[in-house]
Each structure stands twice: as C-alpha cells, then as structure tokens.
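**Student:** Below is the file data_9.csv, with CSV, C-alpha atoms and all ligand atoms.
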```csv
chain,number,residue,atom,x,y,z
A,1,MET,CA,0.0,0.0,0.0
A,2,ARG,CA,2.8,2.4,1.0
A,3,ALA,CA,4.6,1.6,-2.2
A,4,HIS,CA,1.5,2.4,-4.2
A,5,THR,CA,0.9,5.8,-2.7
A,6,ALA,CA,4.6,6.9,-2.8
A,7,PRO,CA,4.5,8.4,-6.4
A,8,LEU,CA,1.2,10.2,-5.5
A,9,ARG,CA,2.7,11.8,-2.4
A,10,ILE,CA,5.8,12.9,-4.4
A,11,MET,CA,3.5,14.5,-7.0
A,12,LEU,CA,1.4,16.3,-4.4
A,13,GLY,CA,4.6,17.5,-2.7
A,14,ALA,CA,5.9,18.9,-6.0
A,15,LEU,CA,2.7,20.7,-6.7
A,16,ALA,CA,2.7,22.2,-3.2
A,17,LEU,CA,6.2,23.5,-3.8
A,18,LEU,CA,5.3,24.9,-7.2
A,19,ALA,CA,2.3,26.8,-5.6
A,20,ILE,CA,4.5,28.3,-2.9
A,21,ALA,CA,7.1,29.3,-5.5
A,22,ALA,CA,4.4,30.9,-7.7
A,23,ALA,CA,2.9,32.9,-4.7
A,24,ALA,CA,6.4,34.1,-3.6
A,25,SER,CA,7.6,35.1,-7.1
A,26,PRO,CA,6.2,38.7,-7.3
A,27,VAL,CA,7.8,39.5,-3.9
A,28,ALA,CA,11.1,38.1,-5.2
A,29,ALA,CA,10.8,40.0,-8.5
A,30,GLN,CA,10.0,43.3,-6.6
A,31,SER,CA,13.0,42.9,-4.4
A,32,GLN,CA,15.2,42.4,-7.4
A,33,SER,CA,14.1,45.4,-9.6
A,34,VAL,CA,12.4,48.4,-8.0
A,35,ASN,CA,9.4,49.7,-9.8
A,36,PRO,CA,8.9,53.3,-8.4
A,37,THR,CA,5.3,53.6,-9.7
A,38,LYS,CA,4.4,50.2,-8.2
A,39,SER,CA,5.9,51.0,-4.8
A,40,ALA,CA,4.0,54.3,-4.8
A,41,VAL,CA,0.8,52.5,-5.5
A,42,SER,CA,1.4,50.1,-2.6
A,43,GLU,CA,2.3,53.0,-0.3
A,44,GLN,CA,-1.0,54.7,-1.3
A,45,GLN,CA,-2.8,51.5,-0.4
A,46,LEU,CA,-1.0,51.4,2.9
A,47,LEU,CA,-2.0,55.1,3.6
A,48,GLN,CA,-5.6,54.3,2.8
A,49,GLN,CA,-5.6,51.4,5.2
A,50,SER,CA,-4.3,53.3,8.1
A,51,LYS,CA,-4.7,57.1,8.3
A,52,THR,CA,-1.2,57.8,9.6
A,53,ILE,CA,2.1,56.0,9.6
A,54,ARG,CA,3.9,56.4,12.9
A,55,GLY,CA,7.3,55.3,14.1
A,56,LEU,CA,9.0,55.4,17.4
A,57,GLY,CA,11.4,58.1,18.4
A,58,SER,CA,13.5,59.3,21.3
A,59,ILE,CA,13.5,63.1,20.7
A,60,PRO,CA,11.1,65.3,22.6
A,61,ASP,CA,9.2,66.5,19.5
A,62,THR,CA,6.6,63.7,19.3
A,63,LYS,CA,5.1,65.1,16.1
A,64,SER,CA,8.2,64.0,14.3
A,65,TYR,CA,7.2,60.3,15.0
A,66,THR,CA,4.5,60.7,12.4
A,67,LEU,CA,6.2,59.7,9.2
A,68,GLU,CA,3.3,60.1,6.8
A,69,GLN,CA,-0.1,61.5,7.1
A,70,PRO,CA,-2.4,61.9,4.1
A,71,GLY,CA,-3.7,65.4,3.5
A,72,GLY,CA,-7.2,64.0,2.9
A,73,ASP,CA,-9.9,66.6,3.5
A,74,TRP,CA,-7.5,69.4,4.2
A,75,ARG,CA,-5.7,68.9,0.9
A,76,HIS,CA,-9.0,68.9,-1.0
A,77,PHE,CA,-10.1,72.1,0.8
A,78,HIS,CA,-6.8,73.8,-0.1
A,79,GLN,CA,-6.7,72.7,-3.7
A,80,VAL,CA,-10.4,72.7,-4.6
A,81,THR,CA,-12.9,74.1,-2.1
A,82,LEU,CA,-11.0,77.3,-1.3
A,83,ARG,CA,-10.5,78.1,-4.9
A,84,TRP,CA,-14.3,77.8,-5.5
A,85,ILE,CA,-15.1,79.9,-2.4
A,86,GLY,CA,-12.5,82.6,-3.5
A,87,GLY,CA,-13.6,82.5,-7.2
A,88,ILE,CA,-17.3,82.8,-6.4
A,89,ALA,CA,-16.8,85.5,-3.8
A,90,ILE,CA,-14.3,87.7,-5.7
A,91,LEU,CA,-15.6,87.3,-9.2
A,92,GLY,CA,-19.2,87.4,-8.0
A,93,MET,CA,-18.6,90.7,-6.2
A,94,LEU,CA,-16.7,92.1,-9.3
A,95,ALA,CA,-19.7,91.1,-11.5
A,96,LEU,CA,-22.2,92.8,-9.1
A,97,LEU,CA,-20.1,96.0,-9.0
A,98,VAL,CA,-19.9,96.1,-12.8
A,99,ILE,CA,-23.6,95.6,-13.1
A,100,PHE,CA,-24.3,98.2,-10.5
A,101,TYR,CA,-22.0,100.7,-12.1
A,102,LEU,CA,-23.5,100.1,-15.6
A,103,SER,CA,-27.0,100.5,-14.4
A,104,ARG,CA,-26.6,103.3,-11.8
A,105,GLY,CA,-23.3,105.0,-12.7
A,106,MET,CA,-21.5,107.2,-10.2
A,107,LEU,CA,-23.7,108.6,-7.4
A,108,ARG,CA,-23.5,112.3,-8.0
A,109,ILE,CA,-23.6,115.2,-5.5
A,110,GLU,CA,-27.3,116.1,-6.3
A,111,ALA,CA,-27.0,119.8,-5.4
A,112,GLY,CA,-23.6,120.1,-7.2
A,113,ARG,CA,-20.5,121.2,-5.4
A,114,SER,CA,-20.8,124.2,-3.0
A,115,GLY,CA,-17.1,125.1,-3.2
A,116,ARG,CA,-16.9,125.1,0.6
A,117,THR,CA,-15.3,122.1,2.3
A,118,ILE,CA,-15.2,120.6,5.8
A,119,VAL,CA,-12.5,118.5,7.4
A,120,ARG,CA,-13.6,114.8,7.6
A,121,PHE,CA,-10.4,112.9,8.5
A,122,ASN,CA,-7.3,114.3,10.1
A,123,ALA,CA,-3.8,113.5,8.9
A,124,PHE,CA,-3.3,110.7,11.5
A,125,GLU,CA,-6.6,109.0,10.5
A,126,ARG,CA,-5.6,109.2,6.8
A,127,PHE,CA,-2.1,107.8,7.5
A,128,VAL,CA,-3.5,104.8,9.5
A,129,HIS,CA,-6.1,104.2,6.7
A,130,TRP,CA,-3.6,104.2,3.9
A,131,MET,CA,-1.0,102.2,5.8
A,132,THR,CA,-3.6,99.5,6.4
A,133,ALA,CA,-5.0,99.7,2.9
A,134,VAL,CA,-1.6,99.4,1.2
A,135,CYS,CA,-0.7,96.4,3.4
A,136,PHE,CA,-4.1,94.9,2.8
A,137,VAL,CA,-3.7,95.1,-1.0
A,138,ILE,CA,-0.2,93.5,-1.0
A,139,LEU,CA,-1.4,90.9,1.5
A,140,ALA,CA,-4.4,90.1,-0.6
A,141,LEU,CA,-2.4,89.8,-3.9
A,142,SER,CA,0.4,87.7,-2.3
A,143,GLY,CA,-2.2,85.5,-0.5
A,144,LEU,CA,-4.2,85.0,-3.7
A,145,ASN,CA,-0.9,83.8,-5.3
A,146,ILE,CA,-0.7,81.0,-2.7
A,147,THR,CA,-4.2,79.8,-3.7
A,148,PHE,CA,-4.4,80.6,-7.4
A,149,GLY,CA,-0.7,81.2,-8.5
A,150,ARG,CA,0.0,77.7,-9.5
A,151,PRO,CA,-3.0,77.2,-11.9
A,152,LEU,CA,-3.1,80.9,-13.1
A,153,LEU,CA,0.4,82.3,-13.0
A,154,LEU,CA,2.8,79.4,-13.4
A,155,PRO,CA,1.6,78.6,-17.0
A,156,LEU,CA,2.6,82.2,-17.9
A,157,MET,CA,6.1,82.2,-16.3
A,158,THR,CA,9.1,80.0,-16.1
A,159,PRO,CA,9.1,77.7,-13.1
A,160,GLU,CA,12.2,79.5,-11.8
A,161,GLY,CA,10.5,82.9,-12.2
A,162,PHE,CA,7.4,81.7,-10.5
A,163,SER,CA,9.4,80.3,-7.6
A,164,ALA,CA,11.4,83.6,-7.1
A,165,PHE,CA,8.2,85.7,-7.4
A,166,SER,CA,6.3,83.4,-4.9
A,167,GLN,CA,9.2,83.5,-2.4
A,168,TRP,CA,9.2,87.3,-2.4
A,169,ALA,CA,5.5,87.4,-2.2
A,170,LYS,CA,5.6,85.1,0.8
A,171,TYR,CA,8.2,87.4,2.5
A,172,LEU,CA,5.9,90.4,1.9
A,173,HIS,CA,2.9,88.4,3.1
A,174,ASN,CA,4.6,87.5,6.4
A,175,TYR,CA,6.2,90.8,7.2
A,176,LEU,CA,3.4,93.1,6.2
A,177,SER,CA,1.1,91.2,8.5
A,178,PHE,CA,2.6,93.3,11.4
A,179,PRO,CA,1.8,96.8,10.1
A,180,PHE,CA,-1.6,95.6,8.9
A,181,THR,CA,-2.5,94.2,12.4
A,182,LEU,CA,-1.3,97.5,13.9
A,183,GLY,CA,-3.5,99.4,11.4
A,184,VAL,CA,-6.6,97.2,12.3
A,185,VAL,CA,-6.0,97.9,16.0
A,186,LEU,CA,-5.7,101.6,15.4
A,187,ILE,CA,-8.8,101.7,13.2
A,188,PHE,CA,-10.7,99.9,15.9
A,189,LEU,CA,-9.7,102.4,18.5
A,190,MET,CA,-10.0,105.6,16.4
A,191,TRP,CA,-13.4,105.0,14.9
A,192,LEU,CA,-15.2,102.8,17.5
A,193,GLY,CA,-17.2,105.8,18.8
A,194,GLY,CA,-18.7,106.5,15.4
A,195,ASN,CA,-19.5,102.8,14.6
A,196,LEU,CA,-21.8,101.7,17.4
A,197,PRO,CA,-25.2,100.9,16.0
A,198,THR,CA,-28.0,103.5,16.4
A,199,ARG,CA,-31.7,103.7,15.5
A,200,VAL,CA,-30.8,105.9,12.5
A,201,ASP,CA,-29.0,102.9,10.9
A,202,LEU,CA,-32.2,100.9,10.7
A,203,ASP,CA,-33.9,103.8,8.8
A,204,TRP,CA,-30.8,104.1,6.6
A,205,LEU,CA,-30.9,100.4,5.7
A,206,LYS,CA,-34.7,100.4,5.1
A,207,ARG,CA,-34.2,103.2,2.6
A,208,GLY,CA,-31.5,101.2,0.8
A,209,GLY,CA,-28.8,103.6,1.9
A,210,GLY,CA,-29.8,106.0,-0.9
A,211,MET,CA,-28.3,103.6,-3.5
A,212,ILE,CA,-31.6,103.4,-5.3
A,213,GLY,CA,-33.3,106.5,-6.6
A,214,HIS,CA,-32.4,110.0,-5.3
A,215,ASP,CA,-33.2,109.4,-1.7
A,216,ARG,CA,-30.5,110.5,0.7
A,217,PRO,CA,-31.2,109.0,4.2
A,218,PRO,CA,-29.6,110.9,7.1
A,219,ALA,CA,-26.6,109.5,8.8
A,220,TYR,CA,-24.1,110.5,11.5
A,221,ARG,CA,-20.3,110.4,10.8
A,222,PHE,CA,-20.6,106.8,9.6
A,223,ASN,CA,-23.7,105.3,7.9
A,224,ALA,CA,-24.9,101.7,8.4
A,225,GLY,CA,-23.0,100.6,5.3
A,226,GLN,CA,-19.7,102.0,6.6
A,227,LYS,CA,-20.3,100.5,10.0
A,228,LEU,CA,-20.6,97.2,8.3
A,229,ILE,CA,-17.3,97.8,6.6
A,230,TYR,CA,-15.8,98.9,9.9
A,231,TRP,CA,-16.9,95.7,11.7
A,232,VAL,CA,-15.7,93.5,8.8
A,233,VAL,CA,-12.3,95.2,9.1
A,234,VAL,CA,-12.1,94.8,12.8
A,235,LEU,CA,-13.5,91.3,13.3
A,236,GLY,CA,-12.3,89.9,10.0
A,237,GLY,CA,-8.9,91.6,10.7
A,238,ALA,CA,-8.7,90.0,14.1
A,239,ALA,CA,-9.6,86.5,12.8
A,240,ILE,CA,-7.2,86.7,9.9
A,241,ALA,CA,-4.4,88.0,12.1
A,242,ALA,CA,-4.9,85.4,14.8
A,243,SER,CA,-5.1,82.5,12.4
A,244,GLY,CA,-2.1,84.0,10.4
A,245,TYR,CA,0.2,84.2,13.4
A,246,LEU,CA,-0.6,80.5,14.2
A,247,LEU,CA,0.6,79.7,10.7
A,248,ILE,CA,3.7,81.9,10.9
A,249,PHE,CA,4.7,80.4,14.2
A,250,PRO,CA,3.8,76.8,13.7
A,251,PHE,CA,3.2,74.3,16.5
A,252,TYR,CA,3.4,76.8,19.4
A,253,GLY,CA,0.7,75.0,21.4
A,254,THR,CA,-1.0,73.8,18.2
A,255,THR,CA,-1.4,70.3,16.8
A,256,ILE,CA,-1.4,69.4,13.1
A,257,GLY,CA,-5.2,69.4,13.2
A,258,ALA,CA,-5.2,72.9,14.8
A,259,MET,CA,-2.8,74.1,12.1
A,260,GLN,CA,-5.0,72.8,9.4
A,261,LEU,CA,-8.0,74.5,11.0
A,262,ALA,CA,-6.1,77.8,11.2
A,263,GLU,CA,-5.3,77.5,7.5
A,264,VAL,CA,-9.0,76.9,6.7
A,265,VAL,CA,-10.2,79.9,8.8
A,266,HIS,CA,-7.4,82.1,7.3
A,267,GLY,CA,-8.3,81.1,3.7
A,268,ILE,CA,-12.1,81.5,4.0
A,269,VAL,CA,-11.9,84.8,6.0
A,270,ALA,CA,-9.4,86.2,3.5
A,271,MET,CA,-11.6,85.5,0.5
A,272,LEU,CA,-14.7,87.1,2.1
A,273,PHE,CA,-12.6,90.0,3.3
A,274,ILE,CA,-11.2,90.7,-0.1
A,275,ALA,CA,-14.7,90.5,-1.7
A,276,THR,CA,-16.1,93.0,0.9
A,277,MET,CA,-13.2,95.4,0.4
A,278,LEU,CA,-13.8,95.5,-3.4
A,279,ALA,CA,-17.2,97.0,-2.6
A,280,HIS,CA,-15.6,99.5,-0.3
A,281,ILE,CA,-12.9,100.5,-2.8
A,282,TYR,CA,-15.6,100.9,-5.5
A,283,ILE,CA,-17.7,103.3,-3.3
A,284,GLY,CA,-14.6,105.2,-2.3
A,285,THR,CA,-13.5,105.8,-5.9
A,286,ILE,CA,-15.7,105.5,-9.0
A,287,GLY,CA,-18.9,104.7,-7.1
A,288,MET,CA,-19.5,108.0,-5.4
A,289,GLU,CA,-18.6,111.6,-6.4
A,290,GLY,CA,-16.7,113.4,-3.7
A,291,ALA,CA,-16.0,110.4,-1.5
A,292,PHE,CA,-12.3,109.9,-2.3
A,293,GLU,CA,-11.4,113.4,-1.1
A,294,ALA,CA,-12.3,112.4,2.5
A,295,MET,CA,-9.3,110.1,2.5
A,296,GLY,CA,-7.3,112.1,-0.1
A,297,SER,CA,-7.1,115.7,1.1
A,298,GLY,CA,-9.1,114.9,4.3
A,299,SER,CA,-11.9,117.5,3.4
A,300,VAL,CA,-15.2,117.0,1.7
A,301,ASP,CA,-17.6,119.4,0.0
A,302,LEU,CA,-20.3,120.7,2.3
A,303,ASN,CA,-23.0,119.6,-0.1
A,304,TRP,CA,-21.6,116.0,-0.1
A,305,ALA,CA,-21.6,116.1,3.7
A,306,LYS,CA,-25.2,117.4,3.7
A,307,GLU,CA,-26.4,114.7,1.4
A,308,HIS,CA,-24.5,111.7,2.9
A,309,HIS,CA,-23.9,112.6,6.5
A,310,SER,CA,-26.5,115.3,7.4
A,311,LEU,CA,-26.6,114.5,11.1
A,312,TRP,CA,-22.8,114.5,11.3
A,313,LEU,CA,-22.8,118.0,9.7
A,314,GLU,CA,-25.3,119.2,12.2
A,315,GLU,CA,-23.2,117.9,15.1
A,316,GLU,CA,-20.1,119.6,13.7
A,317,GLY,CA,-22.0,122.9,13.3
A,318,ALA,CA,-23.3,122.7,16.9
A,319,HIS,CA,-19.7,122.0,18.0
A,320,ASN,CA,-18.6,125.2,16.4
A,321,ARG,CA,-21.6,127.3,17.5
A,322,ALA,CA,-21.1,126.2,21.1
A,323,GLY,CA,-17.4,126.9,20.9
A,324,PRO,CA,-15.2,123.8,20.7
A,325,PRO,CA,-14.7,121.8,23.9
A,326,GLN,CA,-11.5,122.6,25.8
A,327,GLY,CA,-8.4,121.3,24.0
A,328,GLN,CA,-10.3,120.6,20.7
A,329,PRO,CA,-10.0,122.8,17.6
A,330,ALA,CA,-13.0,124.4,15.9
A,331,ILE,CA,-14.2,122.5,12.8
A,332,VAL,CA,-12.7,124.2,9.8
A,333,ILE,CA,-15.0,125.1,7.0
A,334,ARG,CA,-13.0,126.4,4.0
A,335,GLU,CA,-14.6,128.9,1.7
B,1,LIG,C1,-7.3,100.5,-1.5
B,1,LIG,C2,-8.3,101.3,-1.8
B,1,LIG,C3,-9.1,102.0,-0.8
B,1,LIG,C4,-9.8,103.2,-1.1
B,1,LIG,C5,-9.8,104.0,-2.4
B,1,LIG,C6,-10.5,103.6,0.1
B,1,LIG,C7,-11.2,104.7,0.3
B,1,LIG,C8,-11.8,105.1,1.4
B,1,LIG,C9,-12.6,106.4,1.6
B,1,LIG,C10,-12.7,107.4,0.5
B,1,LIG,C11,-13.1,106.4,2.9
B,1,LIG,C12,-13.9,107.5,3.5
B,1,LIG,C13,-15.3,107.4,3.3
B,1,LIG,C14,-16.1,108.5,3.9
B,1,LIG,O1,-15.6,109.6,4.0
B,1,LIG,O2,-17.2,108.3,4.3
B,1,LIG,C15,-12.6,105.2,3.5
B,1,LIG,C16,-13.0,104.8,4.8
B,1,LIG,C17,-12.6,103.6,5.4
B,1,LIG,N1,-11.7,102.7,4.9
B,1,LIG,FE1,-11.0,102.7,3.0
B,1,LIG,N2,-10.2,102.6,1.1
B,1,LIG,C18,-9.4,101.7,0.5
B,1,LIG,C19,-9.0,100.5,1.2
B,1,LIG,C20,-9.3,100.2,2.5
B,1,LIG,C21,-8.8,99.0,3.1
B,1,LIG,C22,-8.0,97.9,2.5
B,1,LIG,C23,-9.3,99.0,4.4
B,1,LIG,C24,-9.1,98.0,5.5
B,1,LIG,C25,-8.6,96.8,5.4
B,1,LIG,C26,-10.1,100.2,4.5
B,1,LIG,C27,-10.8,100.5,5.7
B,1,LIG,C28,-11.6,101.6,5.8
B,1,LIG,C29,-12.4,101.9,6.9
B,1,LIG,C30,-12.6,101.0,8.2
B,1,LIG,C31,-13.1,103.2,6.7
B,1,LIG,C32,-14.1,103.9,7.6
B,1,LIG,C33,-15.5,103.3,7.3
B,1,LIG,C34,-15.9,103.6,6.0
B,1,LIG,O3,-15.9,104.7,5.5
B,1,LIG,O4,-16.3,102.6,5.3
B,1,LIG,N3,-10.1,100.9,3.4
B,1,LIG,N4,-11.9,104.4,2.6
```
With the file now loaded, output its structure as structure tokens.
Ligand code: HEM
**Tutor:**
Amino acid sequence: MRAHTAPLRIMLGALALLAIAAAASPVAAQSQSVNPTKSAVSEQQLLQQSKTIRGLGSIPDTKSYTLEQPGGDWRHFHQVTLRWIGGIAILGMLALLVIFYLSRGMLRIEAGRSGRTIVRFNAFERFVHWMTAVCFVILALSGLNITFGRPLLLPLMTPEGFSAFSQWAKYLHNYLSFPFTLGVVLIFLMWLGGNLPTRVDLDWLKRGGGMIGHDRPPAYRFNAGQKLIYWVVVLGGAAIAASGYLLIFPFYGTTIGAMQLAEVVHGIVAMLFIATMLAHIYIGTIGMEGAFEAMGSGSVDLNWAKEHHSLWLEEEGAHNRAGPPQGQPAIVIRE
C-alpha cells in the first residue's frame, strides 16, 4: 500500500512546492528590480488602510514620530474648495459692481459742489487708513498667489521665475502682517465711537442707503454701510491676524489638526474680506462723487456732507456754535 501511494505523495509535494514558489515570485521580483510607480501604489494602499504611519522616536518632538499623514480633507479644501469659495466671492462681487456701475453710474452730489469744504479725516486717521490699505492690497495679492498662483500664473512664467516671485510674495505676506495688524487695532480704537449701532442705521438700511433713486437718508459720521465695513475690518482683521500668526509660528501649542483649522479659517476669511473690500474700494473711488477726497485731502464738499452725513454735519455745526470743547480745535470750513 505504501509503495503504491509513494508516487502520488511525491507529485502532491511537488505541486505544493510549485504553488509556494508561484505565490512568492512577485515579492522576489519586486526585491530584485524596484518599480517606483508600483511601490508608490502600494504606499498609497498602505496610507488608505491606516490614516497615519507612525514610528517610534527618542527626541522630545513627538510630532516627528508621524512619518506620513495623508492630507485628505484638508488637501481637498486647499486645492479645490478654497478656490471655489474665492472664485465665487471675488468674481461674484466684481460682477455685481460692474452691473451696479453700468445701471446706476457714479452717485453724484445732487446739489452740485458748493465750493466750501469741511474736514472729515485728520492726517493721522488718513495715515492709518492708507498704511492699512496698502498692506491689505499687498497681503491680498500675495495671498491669492498662494491659492491661485499655480494654476493661473505658473503657466505664464518659467518655473524659476514663479518660484522667485512666490518667495518674495511670501516674505511680503509674512512681514506686512505686522503693520496691517497695527492698522486694524488703530482703526478699531480711532473709529469705535462712530461705529456703534444706532436707530438711525435701521432707517438708513430700510431706505437702501440712498443707493436706489435719489433718496438721501440721514446719517451721523458713519452710515450703516460704513459701519458694516468697519466691523468686517475689525472682526475679519482679528480673525485673519490670529489664524495667520498661528501659521507663521507653527506648533506653538497647536497640533497638526489645529494648524489645518487655522489655514481653513485664514483662507475663508481672506476670500470674504477681499470681496467685501472690493465693494468698499468701489464706493470710495468711481462709485460716489466726492468720497475719495475724504481720505485724499481729508476734506469733503459741504453739499456732499449734507447729502450723505447730514446728522454729522449738524453735530459739527453745533460743535462750532457752542465753541469747541477745551483742547479741541474748531471745525474748519474752507470757503
Ligand atoms: C485701496 C483702496 C481704498 C480706497 C480707495 C479707500 C477709500 C476710502 C474712503 C474714501 C473712505 C472715507 C469714506 C467717507 O468719508 O465716508 C474710507 C474709509 C474707510 N476705509 Fe478705506 N479705502 C481703501 C482700502 C481700504 C482697506 C484695504 C481697508 C481695510 C482693510 C479700509 C478701511 C476703511 C475703513 C474702516 C473706513 C471707515 C469706514 C468707511 O468709510 O467705510 N479701506 N476708505
């Protein structure tokens, strides 16, 4: 019986050996010649199976023990979602402004210029405004380069040129954050008094701010629209500065998750902030006759003040009639 089964057992043994050799051969082949694409694929599979790959370490920085961590949701946010948010907010706002300008044109001083002017912003206020504004514009452009530079600018430049440009843009972005933050703090302190909500704001809003038709609703020094801009600057500025400093000084009390959250907040606030400031820049330039002078020379035409800030003008008149409070100059009206 044993003699009869011996050939069968030998055959079965040989088959088993062949099966083992066949199963082992890809591993053997892989170890002999490295296929970079193939190893990347298997690394990708490994990453999909476990979210992070960690090792052991002996240095105090435990973050460094994480060898690989897929970007996942964050990378998708950075490369896709943020671009959509920015594109819709900024191009949408530009489209609205173009439509508004084409249908309404520049808001004119209805009564025409009187030729007499009144001081609206002193030199210090104008200096703070322009310091903040110049920083903001450079921060906005250099920030947009981080989000949109690769798809929009890189195809128009050499890779070396784009790298050099982006590096300088990043330096500007980091260093100008300091004067910008200072400007936001000063704006908050300088104009807080004029930007607290009052009952007049409701009426101003109900009447569409005088944007439609020839209505000119009364307002104190700042109308409801300007108060909105002020609070966007103060609160948006605070959020963008706080999240930005977490990014400039990474891992000071923040985890990788918190850093990703800071980047998400920074990106979204920035896009909405830029879109809002486009509306502000529009009104301050081609949108309204006589507005730019307020931040240019510092004085506005009396008729402009009457039409857009009648209650403020009354206050200033009363201030002069009563004699200026001690230590304060009289309001200058130039003929
Ligand atoms: C870069 C172009 C800009 C122009 C042409 C411009 C123009 C003006 C003008 C003319 C005013 C005075 C409005 C009035 O008298 O009633 C003003 C006020 C103001 N600006 Fe700007 N501005 C610019 C950018 C900025 C930026 C980037 C910020 C802040 C990030 C800013 C913040 C403010 C604030 C808070 C006020 C007071 C509230 C208001 O009038 O809306 N401005 N600006």
**Student:** Quick one: pull the distance between atom CA of Gly57 of chain A and atom CA of Ala258 of chain A, Å, one decimal.
**Tutor:** 22.5 Å
**Student:** Identify which of the residues A:Gly183, A:Gly55, A:Gly105, A:Gly86 lies closest to Gly213 of chain A, counting all atoms listed in the file when measuring atom-to-atom distances.
**Tutor:**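 Going through A:Gly183, A:Gly55, A:Gly105, A:Gly86 one by one, the smallest distance to Gly213 of chain A is for A:Gly105.
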**Student:** Could you produce a table of the residues of chain A lying within 9 Å of ligand LIG 1 (chain B), with the nearest pair of atoms per residue and their separation in Å rounded to one decimal, using all atoms listed in the file, ordered by chain and increasing residue number, as CSV?
**Tutor:**
```
residue,atom,partner,partner_atom,distance
A:Arg120,CA,B:LIG1,O1,6.6
A:Phe121,CA,B:LIG1,O1,7.6
A:Arg126,CA,B:LIG1,C15,8.7
A:His129,CA,B:LIG1,C27,6.1
A:Trp130,CA,B:LIG1,C19,7.1
A:Met131,CA,B:LIG1,C21,8.9
A:Thr132,CA,B:LIG1,C25,5.8
A:Ala133,CA,B:LIG1,C22,3.5
A:Val134,CA,B:LIG1,C1,6.4
A:Cys135,CA,B:LIG1,C22,7.5
A:Phe136,CA,B:LIG1,C22,4.9
A:Val137,CA,B:LIG1,C22,6.2
A:Phe180,CA,B:LIG1,C25,7.9
A:Gly183,CA,B:LIG1,C24,8.3
A:Val184,CA,B:LIG1,C25,7.2
A:Ile187,CA,B:LIG1,C30,6.3
A:Phe188,CA,B:LIG1,C30,8.0
A:Trp191,CA,B:LIG1,C32,7.4
A:Asn195,CA,B:LIG1,C33,8.3
A:Arg221,CA,B:LIG1,O2,7.5
A:Phe222,CA,B:LIG1,O2,6.5
A:Asn223,CA,B:LIG1,O2,8.0
A:Gly225,CA,B:LIG1,O4,7.0
A:Gln226,CA,B:LIG1,O4,3.7
A:Lys227,CA,B:LIG1,C33,6.2
A:Leu228,CA,B:LIG1,O4,7.5
A:Ile229,CA,B:LIG1,O4,5.1
A:Tyr230,CA,B:LIG1,C30,4.2
A:Trp231,CA,B:LIG1,C30,7.7
A:Val232,CA,B:LIG1,C30,8.1
A:Val233,CA,B:LIG1,C25,5.5
A:Val234,CA,B:LIG1,C30,7.7
A:Gly237,CA,B:LIG1,C25,7.4
A:Phe273,CA,B:LIG1,C25,8.2
A:Ile274,CA,B:LIG1,C22,8.3
A:Met277,CA,B:LIG1,C22,6.1
A:Leu278,CA,B:LIG1,C2,8.2
A:His280,CA,B:LIG1,N2,6.4
A:Ile281,CA,B:LIG1,C4,4.4
A:Tyr282,CA,B:LIG1,C5,7.3
A:Ile283,CA,B:LIG1,C10,7.5
A:Gly284,CA,B:LIG1,C10,4.0
A:Thr285,CA,B:LIG1,C5,5.4
A:Ile286,CA,B:LIG1,C5,9.0
A:Gly290,CA,B:LIG1,C10,8.3
A:Ala291,CA,B:LIG1,C10,4.9
A:Phe292,CA,B:LIG1,C10,3.8
A:Glu293,CA,B:LIG1,C10,6.3
A:Ala294,CA,B:LIG1,O1,4.6
A:Met295,CA,B:LIG1,C10,4.8
A:Gly296,CA,B:LIG1,C10,7.2
A:Gly298,CA,B:LIG1,O1,8.4
A:Ser299,CA,B:LIG1,O1,8.7
A:Val300,CA,B:LIG1,O1,7.8
A:Ala305,CA,B:LIG1,O1,8.9
A:His308,CA,B:LIG1,O2,8.2
A:His309,CA,B:LIG1,O2,8.3
```
**Student:** Suppose you want the space between atom CA of Ile268 of chain A and atom CA of Gly236 of chain A; what is it in Å?
**Tutor:**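 Taking atom CA of Ile268 of chain A as the start and atom CA of Gly236 of chain A as the end point, the length is 10.3 Å.
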**Student:** For the point (-29.4, 112.0, 8.6) in file coordinates, what residues are within 8 Å, counting only C-alpha atoms? Give the answer as a ChimeraX atom specification?
**Tutor:** /A:200,217-220,308-312
**Student:** Take the residues that were just selected and, keeping C-alpha atoms, output them as a short mmCIF file (atom, residue, chain, number, x, y, z; two decimals), in the coordinates of the input.
**Tutor:**
```
data_model
loop_
_atom_site.label_atom_id
_atom_site.label_comp_id
_atom_site.auth_asym_id
_atom_site.auth_seq_id
_atom_site.Cartn_x
_atom_site.Cartn_y
_atom_site.Cartn_z
CA VAL A 200 -30.80 105.90 12.50
CA PRO A 217 -31.20 109.00 4.20
CA PRO A 218 -29.60 110.90 7.10
CA ALA A 219 -26.60 109.50 8.80
CA TYR A 220 -24.10 110.50 11.50
CA HIS A 308 -24.50 111.70 2.90
CA HIS A 309 -23.90 112.60 6.50
CA SER A 310 -26.50 115.30 7.40
CA LEU A 311 -26.60 114.50 11.10
CA TRP A 312 -22.80 114.50 11.30
#
```
**Student:** Which distance in Å separates atom CA of Phe251 of chain A and atom CA of Asp61 of chain A, to one decimal?
**Tutor:**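 Here the two named atoms are 10.3 Å from each other.
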